[in-house]
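Below is model_28.cif, which holds mmCIF, C-alpha atoms.
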```cif
data_upload
loop_
_atom_site.group_PDB
_atom_site.id
_atom_site.type_symbol
_atom_site.label_atom_id
_atom_site.label_comp_id
_atom_site.auth_asym_id
_atom_site.auth_seq_id
_atom_site.Cartn_x
_atom_site.Cartn_y
_atom_site.Cartn_z
ATOM 1 C CA MET A 211 256.393 -211.598 91.932
ATOM 2 C CA ASN A 212 256.308 -215.222 93.075
ATOM 3 C CA LYS A 213 259.176 -216.517 95.165
ATOM 4 C CA ILE A 214 260.350 -219.948 96.186
ATOM 5 C CA VAL A 215 262.828 -220.710 98.937
ATOM 6 C CA VAL A 216 265.903 -222.571 97.743
ATOM 7 C CA HIS A 217 268.341 -223.862 100.322
ATOM 8 C CA GLY A 218 271.845 -224.689 99.283
ATOM 9 C CA SER A 219 275.505 -224.969 100.051
ATOM 10 C CA PHE A 220 277.662 -222.256 98.551
ATOM 11 C CA GLU A 221 281.346 -223.239 98.809
ATOM 12 C CA SER A 222 282.318 -220.336 96.612
ATOM 13 C CA GLY A 223 281.155 -218.019 99.378
ATOM 14 C CA ARG A 224 278.848 -216.363 96.901
ATOM 15 C CA VAL A 225 275.157 -217.100 96.769
ATOM 16 C CA PRO A 226 273.685 -216.691 93.245
ATOM 17 C CA VAL A 227 272.680 -213.052 92.792
ATOM 18 C CA TYR A 228 270.069 -211.277 90.682
ATOM 19 C CA SER A 229 271.943 -208.385 89.064
ATOM 20 C CA SER A 230 268.879 -206.152 88.824
ATOM 21 C CA ALA A 231 265.532 -205.886 90.583
ATOM 22 C CA GLN A 232 263.638 -207.378 87.636
ATOM 23 C CA ALA A 233 266.212 -209.932 86.440
ATOM 24 C CA SER A 234 264.727 -213.382 85.894
ATOM 25 C CA GLY A 235 268.084 -215.165 86.082
ATOM 26 C CA ALA A 236 270.445 -215.289 89.063
ATOM 27 C CA ASP A 237 274.128 -215.099 88.111
ATOM 28 C CA ILE A 238 276.327 -218.130 88.823
ATOM 29 C CA GLU A 239 280.090 -217.860 89.273
ATOM 30 C CA ALA A 240 282.975 -220.167 88.413
ATOM 31 C CA PHE A 241 284.360 -221.889 91.523
ATOM 32 C CA ILE A 242 287.915 -222.547 90.367
ATOM 33 C CA GLU A 243 291.259 -222.017 92.102
ATOM 34 C CA SER A 244 293.114 -220.639 89.098
ATOM 35 C CA PRO A 245 292.261 -219.353 85.617
ATOM 36 C CA MET A 246 290.845 -221.956 83.223
ATOM 37 C CA ILE A 247 291.381 -221.766 79.464
ATOM 38 C CA LEU A 248 288.366 -222.622 77.326
ATOM 39 C CA ARG A 249 289.961 -223.339 73.966
ATOM 40 C CA ALA A 250 288.324 -222.200 70.731
ATOM 41 C CA GLY A 251 285.722 -224.720 69.612
ATOM 42 C CA GLU A 252 286.007 -226.804 72.785
ATOM 43 C CA ARG A 253 283.759 -227.489 75.761
ATOM 44 C CA GLU A 254 284.523 -227.854 79.457
ATOM 45 C CA ILE A 255 282.644 -228.549 82.669
ATOM 46 C CA VAL A 256 283.070 -225.631 85.073
ATOM 47 C CA PRO A 257 282.428 -226.166 88.798
ATOM 48 C CA THR A 258 280.352 -223.648 90.755
ATOM 49 C CA GLY A 259 280.720 -224.873 94.347
ATOM 50 C CA ILE A 260 276.915 -224.809 94.630
ATOM 51 C CA THR A 261 274.576 -227.590 95.731
ATOM 52 C CA LEU A 262 270.837 -226.939 95.862
ATOM 53 C CA ASP A 263 267.750 -228.251 97.619
ATOM 54 C CA ILE A 264 265.108 -227.217 95.089
ATOM 55 C CA PRO A 265 261.522 -227.634 96.285
ATOM 56 C CA GLU A 266 259.548 -230.476 94.736
ATOM 57 C CA GLY A 267 257.482 -229.240 91.801
ATOM 58 C CA TYR A 268 260.222 -226.887 90.553
ATOM 59 C CA GLU A 269 263.334 -227.082 88.408
ATOM 60 C CA ALA A 270 266.280 -224.780 87.886
ATOM 61 C CA GLN A 271 267.287 -223.959 84.315
ATOM 62 C CA VAL A 272 270.883 -222.996 83.577
ATOM 63 C CA ARG A 273 271.147 -220.546 80.702
ATOM 64 C CA PRO A 274 273.913 -218.600 78.964
ATOM 65 C CA ARG A 275 274.781 -215.028 79.863
ATOM 66 C CA SER A 276 274.079 -212.855 76.830
ATOM 67 C CA GLY A 277 277.185 -210.713 77.311
ATOM 68 C CA LEU A 278 279.512 -213.740 77.217
ATOM 69 C CA ALA A 279 277.679 -215.090 74.181
ATOM 70 C CA ILE A 280 277.818 -211.933 72.045
ATOM 71 C CA LYS A 281 281.244 -210.654 73.127
ATOM 72 C CA HIS A 282 283.158 -213.937 73.365
ATOM 73 C CA GLY A 283 281.060 -216.755 71.848
ATOM 74 C CA ILE A 284 280.767 -218.524 75.226
ATOM 75 C CA THR A 285 277.489 -220.330 75.816
ATOM 76 C CA VAL A 286 275.923 -223.133 77.830
ATOM 77 C CA LEU A 287 276.110 -226.226 75.637
ATOM 78 C CA ASN A 288 272.920 -227.966 76.788
ATOM 79 C CA SER A 289 270.916 -224.786 77.056
ATOM 80 C CA PRO A 290 268.844 -224.684 79.052
ATOM 81 C CA GLY A 291 270.449 -227.210 81.356
ATOM 82 C CA THR A 292 267.899 -228.670 83.737
ATOM 83 C CA ILE A 293 268.525 -229.229 87.440
ATOM 84 C CA ASP A 294 265.847 -231.538 88.823
ATOM 85 C CA SER A 295 264.506 -231.068 92.345
ATOM 86 C CA ASP A 296 265.877 -234.451 93.455
ATOM 87 C CA TYR A 297 269.487 -233.745 92.342
ATOM 88 C CA ARG A 298 271.856 -233.099 95.250
ATOM 89 C CA GLY A 299 275.254 -232.988 93.539
ATOM 90 C CA GLU A 300 277.347 -229.945 92.689
ATOM 91 C CA LEU A 301 275.985 -227.663 90.002
ATOM 92 C CA ARG A 302 278.541 -227.823 87.194
ATOM 93 C CA ILE A 303 278.099 -225.860 83.974
ATOM 94 C CA ILE A 304 278.916 -227.222 80.506
ATOM 95 C CA LEU A 305 280.374 -224.263 78.604
ATOM 96 C CA ILE A 306 281.415 -224.222 74.961
ATOM 97 C CA ASN A 307 283.572 -221.681 73.177
ATOM 98 C CA THR A 308 282.041 -221.127 69.738
ATOM 99 C CA SER A 309 284.597 -218.485 68.787
ATOM 100 C CA LYS A 310 287.942 -218.864 67.049
ATOM 101 C CA GLU A 311 289.865 -217.520 70.047
ATOM 102 C CA ASP A 312 290.665 -219.087 73.408
ATOM 103 C CA TYR A 313 288.826 -217.603 76.386
ATOM 104 C CA THR A 314 290.051 -217.391 79.974
ATOM 105 C CA ILE A 315 287.610 -218.059 82.817
ATOM 106 C CA ASN A 316 288.862 -216.538 86.062
ATOM 107 C CA PRO A 317 287.872 -217.542 89.602
ATOM 108 C CA GLY A 318 284.606 -215.803 90.490
ATOM 109 C CA ASP A 319 283.657 -214.932 86.883
ATOM 110 C CA ARG A 320 279.930 -214.948 86.203
ATOM 111 C CA ILE A 321 279.553 -217.822 83.738
ATOM 112 C CA ALA A 322 275.828 -218.565 83.527
ATOM 113 C CA GLN A 323 272.455 -217.671 84.963
ATOM 114 C CA MET A 324 269.849 -219.769 86.718
ATOM 115 C CA VAL A 325 266.076 -219.448 86.308
ATOM 116 C CA PHE A 326 263.510 -221.362 88.366
ATOM 117 C CA ALA A 327 260.305 -222.716 86.853
ATOM 118 C CA PRO A 328 257.392 -224.889 87.940
ATOM 119 C CA VAL A 329 257.326 -228.429 86.573
ATOM 120 C CA ILE A 330 254.197 -229.959 85.086
ATOM 121 C CA HIS A 331 254.130 -233.711 84.506
ATOM 122 C CA ALA A 332 252.133 -234.902 81.515
ATOM 123 C CA GLU A 333 250.124 -238.087 81.288
ATOM 124 C CA PHE A 334 250.857 -239.988 78.088
ATOM 125 C CA TYR A 335 248.226 -242.075 76.319
ATOM 126 C CA PRO A 336 248.705 -244.141 73.176
ATOM 127 C CA ASN A 337 246.567 -242.951 70.288
ATOM 128 C CA THR A 338 246.256 -244.067 66.706
ATOM 129 C CA ARG A 339 245.066 -240.726 65.325
ATOM 130 C CA LEU A 340 245.972 -237.123 66.143
ATOM 131 C CA SER A 341 243.548 -234.234 65.828
ATOM 132 C CA ASP A 342 243.696 -232.260 62.559
ATOM 133 C CA THR A 343 245.208 -228.759 62.428
ATOM 134 C CA SER A 344 245.795 -226.263 59.629
ATOM 135 C CA ARG A 345 249.558 -226.810 60.029
ATOM 136 C CA GLY A 346 249.445 -230.584 59.970
ATOM 137 C CA GLU A 347 252.872 -232.167 59.641
ATOM 138 C CA GLY A 348 254.586 -228.987 58.458
ATOM 139 C CA GLY A 349 257.773 -228.248 60.402
ATOM 140 C CA PHE A 350 261.160 -226.537 60.082
ATOM 141 C CA GLY A 351 260.076 -223.216 58.637
ATOM 142 C CA SER A 352 256.645 -224.288 57.407
ATOM 143 C CA THR A 353 254.998 -221.323 59.164
ATOM 144 C CA GLY A 354 257.417 -218.757 57.686
ATOM 145 C CA THR A 355 261.091 -217.870 58.041
#
```

If you convert what's in this file into structure tokens, what do you get?
Amino acid sequence: MNKIVVHGSFESGRVPVYSSAQASGADIEAFIESPMILRAGEREIVPTGITLDIPEGYEAQVRPRSGLAIKHGITVLNSPGTIDSDYRGELRIILINTSKEDYTINPGDRIAQMVFAPVIHAEFYPNTRLSDTSRGEGGFGSTGT
């Protein structure tokens, strides 16, 4: 298993934690003073109290927690949310409630997970013709359901 060292400030008192030995995402908690209501069909920005110093050449991806998604319809709106290595502000999570019922987020609730990945920068070159493939311009279900 590859590891990177990520330094940070954790005002919540809780460093992100991997819930199992082989988990790819570290759980992130809500850093709020009192319960927060996420109304049905609405979105909110939830603070985490975390700032990170991600090594150059890496990004952090913020993803939904599957349990919140299936049980309550709570997901990360811009999934995966990208945290660039040069960002030094507080990690705040955009959550949306896709259900028909309000949902209460309590202080310390696990609201998302964070996965780290290497970043590869592409070089872009103008071209007048693309190479041919068997798929061609087929999209949106063109390869099957």

Check what the PyMOL selection byres ((chain A and resi 223) around 10) selects in the file above and give those residues as a ChimeraX atom specification.
-> /A:219-222,224-226,241,259-260,318

Identify all residues satisfying the PyMOL selection byres ((chain A and resi 322) around 12) in the given file; provide them as a PDB file with C-alpha atoms, keeping the file's coordinate frame.
```pdb
ATOM      1  CA  PRO A 226     273.685-216.691  93.245  1.00  0.00           C
ATOM      2  CA  VAL A 227     272.680-213.052  92.792  1.00  0.00           C
ATOM      3  CA  TYR A 228     270.069-211.277  90.682  1.00  0.00           C
ATOM      4  CA  GLY A 235     268.084-215.165  86.082  1.00  0.00           C
ATOM      5  CA  ALA A 236     270.445-215.289  89.063  1.00  0.00           C
ATOM      6  CA  ASP A 237     274.128-215.099  88.111  1.00  0.00           C
ATOM      7  CA  ILE A 238     276.327-218.130  88.823  1.00  0.00           C
ATOM      8  CA  GLU A 239     280.090-217.860  89.273  1.00  0.00           C
ATOM      9  CA  ALA A 240     282.975-220.167  88.413  1.00  0.00           C
ATOM     10  CA  VAL A 256     283.070-225.631  85.073  1.00  0.00           C
ATOM     11  CA  PRO A 257     282.428-226.166  88.798  1.00  0.00           C
ATOM     12  CA  THR A 258     280.352-223.648  90.755  1.00  0.00           C
ATOM     13  CA  GLN A 271     267.287-223.959  84.315  1.00  0.00           C
ATOM     14  CA  VAL A 272     270.883-222.996  83.577  1.00  0.00           C
ATOM     15  CA  ARG A 273     271.147-220.546  80.702  1.00  0.00           C
ATOM     16  CA  PRO A 274     273.913-218.600  78.964  1.00  0.00           C
ATOM     17  CA  ARG A 275     274.781-215.028  79.863  1.00  0.00           C
ATOM     18  CA  SER A 276     274.079-212.855  76.830  1.00  0.00           C
ATOM     19  CA  GLY A 277     277.185-210.713  77.311  1.00  0.00           C
ATOM     20  CA  LEU A 278     279.512-213.740  77.217  1.00  0.00           C
ATOM     21  CA  ALA A 279     277.679-215.090  74.181  1.00  0.00           C
ATOM     22  CA  ILE A 284     280.767-218.524  75.226  1.00  0.00           C
ATOM     23  CA  THR A 285     277.489-220.330  75.816  1.00  0.00           C
ATOM     24  CA  VAL A 286     275.923-223.133  77.830  1.00  0.00           C
ATOM     25  CA  LEU A 287     276.110-226.226  75.637  1.00  0.00           C
ATOM     26  CA  ASN A 288     272.920-227.966  76.788  1.00  0.00           C
ATOM     27  CA  SER A 289     270.916-224.786  77.056  1.00  0.00           C
ATOM     28  CA  PRO A 290     268.844-224.684  79.052  1.00  0.00           C
ATOM     29  CA  GLY A 291     270.449-227.210  81.356  1.00  0.00           C
ATOM     30  CA  LEU A 301     275.985-227.663  90.002  1.00  0.00           C
ATOM     31  CA  ARG A 302     278.541-227.823  87.194  1.00  0.00           C
ATOM     32  CA  ILE A 303     278.099-225.860  83.974  1.00  0.00           C
ATOM     33  CA  ILE A 304     278.916-227.222  80.506  1.00  0.00           C
ATOM     34  CA  LEU A 305     280.374-224.263  78.604  1.00  0.00           C
ATOM     35  CA  ILE A 306     281.415-224.222  74.961  1.00  0.00           C
ATOM     36  CA  ILE A 315     287.610-218.059  82.817  1.00  0.00           C
ATOM     37  CA  GLY A 318     284.606-215.803  90.490  1.00  0.00           C
ATOM     38  CA  ASP A 319     283.657-214.932  86.883  1.00  0.00           C
ATOM     39  CA  ARG A 320     279.930-214.948  86.203  1.00  0.00           C
ATOM     40  CA  ILE A 321     279.553-217.822  83.738  1.00  0.00           C
ATOM     41  CA  GLN A 323     272.455-217.671  84.963  1.00  0.00           C
ATOM     42  CA  MET A 324     269.849-219.769  86.718  1.00  0.00           C
ATOM     43  CA  VAL A 325     266.076-219.448  86.308  1.00  0.00           C
TER      44      VAL A 325
END
```

Just need the box for region 300-317 of chain A, edges along x, y and z, holding every atom the file lists for it with 6 Å tacked onto each side, so centre and edge lengths in Å to one decimal, as lines of an AutoDock Vina configuration file.
```
center_x = 283.3
center_y = -223.2
center_z = 79.9
size_x = 26.7
size_y = 25.4
size_z = 37.6
```

Would you list the residues near (266.7, -226.5, 90.8) (no more than 12 Å away, in the coordinates of the file, using all atoms listed in the file) as a PyMOL selection string?
-> chain A and resi 214-218+236+260-272+291-301+324-329

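One finds CA of Tyr313 (chain A) at 14.9 Å from CA of Ile242 (chain A).
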
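Rounded to one decimal, CA of Asp312 (chain A) and CA of Lys281 (chain A) lie 12.6 Å from each other.
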
Please rebuild region 278-294 of chain A with N, CA and C atoms and return the result as an mmCIF file, in the frame of the given file.
```
data_model
loop_
_atom_site.group_PDB
_atom_site.id
_atom_site.type_symbol
_atom_site.label_atom_id
_atom_site.label_comp_id
_atom_site.auth_asym_id
_atom_site.auth_seq_id
_atom_site.Cartn_x
_atom_site.Cartn_y
_atom_site.Cartn_z
ATOM 1 N N LEU A 278 278.460 -212.778 77.583
ATOM 2 C CA LEU A 278 279.512 -213.740 77.217
ATOM 3 C C LEU A 278 279.272 -214.294 75.821
ATOM 4 N N ALA A 279 278.009 -214.518 75.492
ATOM 5 C CA ALA A 279 277.679 -215.090 74.181
ATOM 6 C C ALA A 279 278.032 -214.126 73.050
ATOM 7 N N ILE A 280 277.603 -212.877 73.140
ATOM 8 C CA ILE A 280 277.818 -211.933 72.045
ATOM 9 C C ILE A 280 279.264 -211.435 71.972
ATOM 10 N N LYS A 281 279.883 -211.214 73.133
ATOM 11 C CA LYS A 281 281.244 -210.654 73.127
ATOM 12 C C LYS A 281 282.328 -211.703 72.902
ATOM 13 N N HIS A 282 282.083 -212.945 73.390
ATOM 14 C CA HIS A 282 283.158 -213.937 73.365
ATOM 15 C C HIS A 282 282.763 -215.291 72.774
ATOM 16 N N GLY A 283 281.495 -215.477 72.407
ATOM 17 C CA GLY A 283 281.060 -216.755 71.848
ATOM 18 C C GLY A 283 280.966 -217.872 72.872
ATOM 19 N N ILE A 284 280.849 -217.525 74.154
ATOM 20 C CA ILE A 284 280.767 -218.524 75.226
ATOM 21 C C ILE A 284 279.303 -218.752 75.565
ATOM 22 N N THR A 285 278.882 -220.026 75.534
ATOM 23 C CA THR A 285 277.489 -220.330 75.816
ATOM 24 C C THR A 285 277.380 -221.644 76.587
ATOM 25 N N VAL A 286 276.205 -221.881 77.141
ATOM 26 C CA VAL A 286 275.923 -223.133 77.830
ATOM 27 C C VAL A 286 275.549 -224.159 76.762
ATOM 28 N N LEU A 287 276.273 -225.269 76.723
ATOM 29 C CA LEU A 287 276.110 -226.226 75.637
ATOM 30 C C LEU A 287 274.725 -226.867 75.620
ATOM 31 N N ASN A 288 274.222 -227.296 76.746
ATOM 32 C CA ASN A 288 272.920 -227.966 76.788
ATOM 33 C C ASN A 288 271.854 -226.982 77.272
ATOM 34 N N SER A 289 271.764 -225.875 76.605
ATOM 35 C CA SER A 289 270.916 -224.786 77.056
ATOM 36 C C SER A 289 269.449 -224.999 76.697
ATOM 37 N N PRO A 290 268.525 -224.849 77.639
ATOM 38 C CA PRO A 290 268.844 -224.684 79.052
ATOM 39 C C PRO A 290 269.151 -226.026 79.704
ATOM 40 N N GLY A 291 270.147 -226.024 80.558
ATOM 41 C CA GLY A 291 270.449 -227.210 81.356
ATOM 42 C C GLY A 291 269.422 -227.302 82.473
ATOM 43 N N THR A 292 268.921 -228.483 82.718
ATOM 44 C CA THR A 292 267.899 -228.670 83.737
ATOM 45 C C THR A 292 268.496 -229.267 85.003
ATOM 46 N N ILE A 293 268.157 -228.675 86.145
ATOM 47 C CA ILE A 293 268.525 -229.229 87.440
ATOM 48 C C ILE A 293 267.219 -229.676 88.092
ATOM 49 N N ASP A 294 267.061 -230.990 88.232
ATOM 50 C CA ASP A 294 265.847 -231.538 88.823
ATOM 51 C C ASP A 294 265.833 -231.338 90.333
#
```
